[in-house]
$ cat target.cif   # mmCIF, C-alpha atoms
data_protein
loop_
_atom_site.label_atom_id
_atom_site.label_comp_id
_atom_site.auth_asym_id
_atom_site.auth_seq_id
_atom_site.Cartn_x
_atom_site.Cartn_y
_atom_site.Cartn_z
CA THR A 6 32.86 24.95 -110.76
CA THR A 7 31.09 25.92 -107.60
CA GLN A 8 32.23 22.61 -106.09
CA SER A 9 28.88 22.06 -104.44
CA GLY A 10 26.17 19.48 -104.93
CA PHE A 11 23.12 18.01 -103.30
CA SER A 12 22.39 14.40 -104.15
CA GLY A 13 21.78 11.00 -102.60
CA PHE A 14 19.24 12.36 -100.12
CA PRO A 15 15.98 10.60 -99.21
CA ARG A 16 13.14 11.52 -101.54
CA ASP A 17 9.39 11.42 -101.07
CA MET A 18 6.30 13.06 -102.56
CA TYR A 19 7.17 16.34 -100.80
CA THR A 20 10.68 16.59 -102.24
CA LEU A 21 11.00 19.73 -104.35
CA LEU A 22 14.71 19.96 -105.13
CA PRO A 23 16.19 17.97 -107.98
CA GLU A 24 19.48 16.18 -107.31
CA THR A 25 22.58 17.91 -108.64
CA THR A 26 26.35 17.62 -108.46
CA GLU A 27 26.86 21.21 -109.63
CA ARG A 28 25.22 24.10 -107.84
CA CYS A 29 26.04 27.42 -106.24
CA MET A 30 26.05 27.04 -102.46
CA ALA A 31 25.07 30.19 -100.58
CA THR A 32 24.29 30.84 -96.94
CA GLU A 33 24.73 33.17 -94.02
CA MET A 34 26.22 31.87 -90.81
CA ASP A 35 25.67 32.52 -87.12
CA ALA A 36 28.01 30.55 -84.87
CA SER A 37 28.33 30.52 -81.09
CA TRP A 38 30.39 28.25 -78.90
CA LYS A 39 30.84 27.22 -75.30
CA TYR A 40 34.18 26.91 -73.56
CA MET A 41 35.50 23.85 -71.73
CA PRO A 42 34.87 23.93 -67.98
CA GLY A 43 37.94 23.72 -65.75
CA THR A 44 39.10 20.50 -64.15
CA ALA A 45 38.82 19.52 -60.47
CA GLY A 46 40.65 21.90 -58.16
CA THR A 47 40.54 24.83 -60.61
CA PRO A 48 37.99 27.59 -61.17
CA LYS A 49 34.82 26.61 -63.02
CA PHE A 50 36.18 28.00 -66.26
CA THR A 51 39.80 28.11 -67.30
CA CYS A 52 41.15 31.39 -68.59
CA ALA A 53 40.97 30.91 -72.35
CA ASP A 54 42.54 33.25 -74.89
CA PHE A 55 39.22 34.43 -76.30
CA ALA A 56 40.68 36.38 -79.24
CA ALA A 57 42.87 33.46 -80.32
CA THR A 58 39.96 31.03 -79.96
CA ARG A 59 37.70 33.27 -82.06
CA ALA A 60 40.38 33.48 -84.77
CA THR A 61 40.74 29.68 -84.76
CA VAL A 62 36.97 29.16 -84.96
CA ARG A 63 36.72 31.58 -87.89
CA THR A 64 39.68 30.01 -89.71
CA GLN A 65 38.32 26.48 -89.36
CA LEU A 66 34.78 27.39 -90.45
CA LEU A 67 36.17 29.16 -93.52
CA ARG A 68 38.41 26.14 -94.20
CA ALA A 69 35.38 23.83 -94.13
CA TYR A 70 33.44 26.03 -96.56
CA PHE A 71 36.16 27.04 -98.99
CA GLY A 72 39.11 24.67 -98.62
CA GLU A 73 42.55 25.78 -99.75
CA PRO A 74 42.50 28.83 -102.05
CA LYS A 75 43.92 27.13 -105.17
CA ALA A 76 41.93 23.89 -105.05
CA GLY A 77 38.82 24.60 -102.99
CA ILE A 78 36.84 21.73 -101.52
CA PHE A 79 33.75 19.89 -102.76
CA SER A 80 30.64 20.23 -100.61
CA PRO A 81 28.20 17.32 -100.91
CA SER A 82 25.58 19.44 -99.11
CA LEU A 83 25.36 22.49 -96.88
CA GLN A 84 24.41 20.19 -93.99
CA ALA A 85 27.59 18.10 -94.40
CA THR A 86 29.78 21.18 -94.75
CA VAL A 87 28.36 22.82 -91.61
CA TYR A 88 28.92 19.60 -89.63
CA ASP A 89 32.48 19.27 -90.97
CA GLY A 90 33.16 22.87 -89.94
CA GLY A 91 31.98 22.17 -86.40
CA CYS A 92 34.24 19.11 -86.21
CA LEU A 93 37.24 21.13 -87.45
CA VAL A 94 36.60 23.73 -84.74
CA LEU A 95 36.62 21.06 -82.01
CA GLU A 96 39.77 19.52 -83.48
CA HIS A 97 41.73 22.80 -83.62
CA ALA A 98 40.30 24.82 -80.70
CA PRO A 99 40.86 22.82 -77.50
CA ALA A 100 39.18 25.50 -75.37
CA VAL A 101 35.86 24.97 -77.20
CA TYR A 102 33.47 22.44 -75.65
CA SER A 103 30.66 22.75 -78.20
CA ILE A 104 29.74 24.88 -81.19
CA SER A 105 26.28 25.77 -82.47
CA ILE A 106 25.91 26.89 -86.10
CA ASP A 107 22.80 28.26 -87.82
CA THR A 108 22.76 28.59 -91.60
CA PRO A 109 19.75 29.41 -93.75
CA ASN A 110 19.76 27.60 -97.06
CA ILE A 111 19.85 30.27 -99.77
CA HIS A 112 19.19 28.62 -103.11
CA MET A 113 20.85 30.13 -106.15
CA LEU A 114 19.40 28.93 -109.46
CA PRO A 115 20.56 29.47 -113.04
CA TRP A 116 19.00 32.63 -114.48
CA GLU A 117 16.51 31.27 -117.01
CA LYS A 118 16.00 34.61 -118.76
CA LEU A 119 19.43 34.36 -120.38
CA ASN A 120 17.97 31.99 -122.97
CA LYS A 121 15.18 34.45 -123.77
CA MET A 122 17.81 37.15 -124.34
CA GLY A 123 19.74 34.98 -126.79
CA GLU A 124 22.53 34.22 -124.32
CA ALA A 125 23.66 30.78 -123.24
CA PHE A 126 23.93 29.88 -119.56
CA GLU A 127 27.55 28.94 -118.89
CA ASP A 128 27.45 28.39 -115.11
CA ASP A 129 27.90 32.12 -114.69
CA VAL A 130 24.65 33.91 -113.74
CA TYR A 131 22.60 32.76 -110.74
CA VAL A 132 19.69 34.37 -108.89
CA ALA A 133 18.45 33.78 -105.36
CA THR A 134 15.07 32.11 -104.92
CA SER A 135 12.92 31.68 -101.84
CA ASP A 136 11.46 28.31 -102.88
CA PRO A 137 12.18 25.92 -101.36
CA SER A 138 13.87 27.26 -98.28
CA GLY A 139 15.07 25.96 -94.96
CA SER A 140 17.23 26.69 -91.98
CA ILE A 141 19.95 24.30 -90.92
CA HIS A 142 21.03 24.09 -87.27
CA VAL A 143 24.05 22.00 -86.29
CA GLU A 144 25.51 21.54 -82.82
CA VAL A 145 28.72 19.58 -82.36
CA SER A 146 30.05 18.77 -78.88
CA ARG A 147 32.97 16.89 -77.39
#
$ encode --input "target.cif" --output "structure tokens"
Amino acid sequence: TTQSGFSGFPRDMYTLLPETTERCMATEMDASWKYMPGTAGTPKFTCADFAATRATVRTQLLRAYFGEPKAGIFSPSLQATVYDGGCLVLEHAPAVYSISIDTPNIHMLPWEKLNKMGEAFEDDVYVATSDPSGSIHVEVSR
């Protein structure tokens, strides 16, 4: 399983994607974050351990996307997973005030030509498509 779906979303005459509970989720990610300002009587910004914070941010974003190695984690949608990742960062990185995440939606569809070649699709060969496409931006703050 890819442990990813996209269903239960509002539909209208412009909706192109069919609902599914089994799909290959693919994206690229660009994340940036802001640090907590200092408190009264201290410099504007506290001295954060930038390397440790970066490692925590990376770990939590990967945790949101992939879950634990043996079991994984189901993603109801890329949007929900990106938001959950931002929340995990704020929960585990106290120096982070807000995180901004950009993720293009890269759709991977079953390769239809397998049938024409006499092969059966067994959730194993996907190809990227540009239709439909979108870019998801999530910002989570304390």
$ atom_distance --input "target.cif" --atom1 "CA of Asp129 (chain A)" --atom2 "CA of Ile111 (chain A)"
17.1 Å
$ atom_distance --input "target.cif" --atom1 "CA of Lys75 (chain A)" --atom2 "CA of Gly90 (chain A)"
19.1 Å
$ atom_distance --input "target.cif" --atom1 "CA of Thr61 (chain A)" --atom2 "CA of Thr108 (chain A)"
19.3 Å
$ resolve_selection --input "target.cif" --expression "the PyMOL selection byres ((chain A and resi 146) around 7)" --output "PyMOL selection string"
chain A and resi 102-104+144-145+147
$ resolve_selection --input "target.cif" --expression "the PyMOL selection byres ((chain A and resi 22) around 10)" --output "list in words"
Phe11, Ser12, Arg16, Tyr19, Thr20, Leu21, Pro23, Glu24, Thr25, His112, Asp136 and Pro137 of chain A
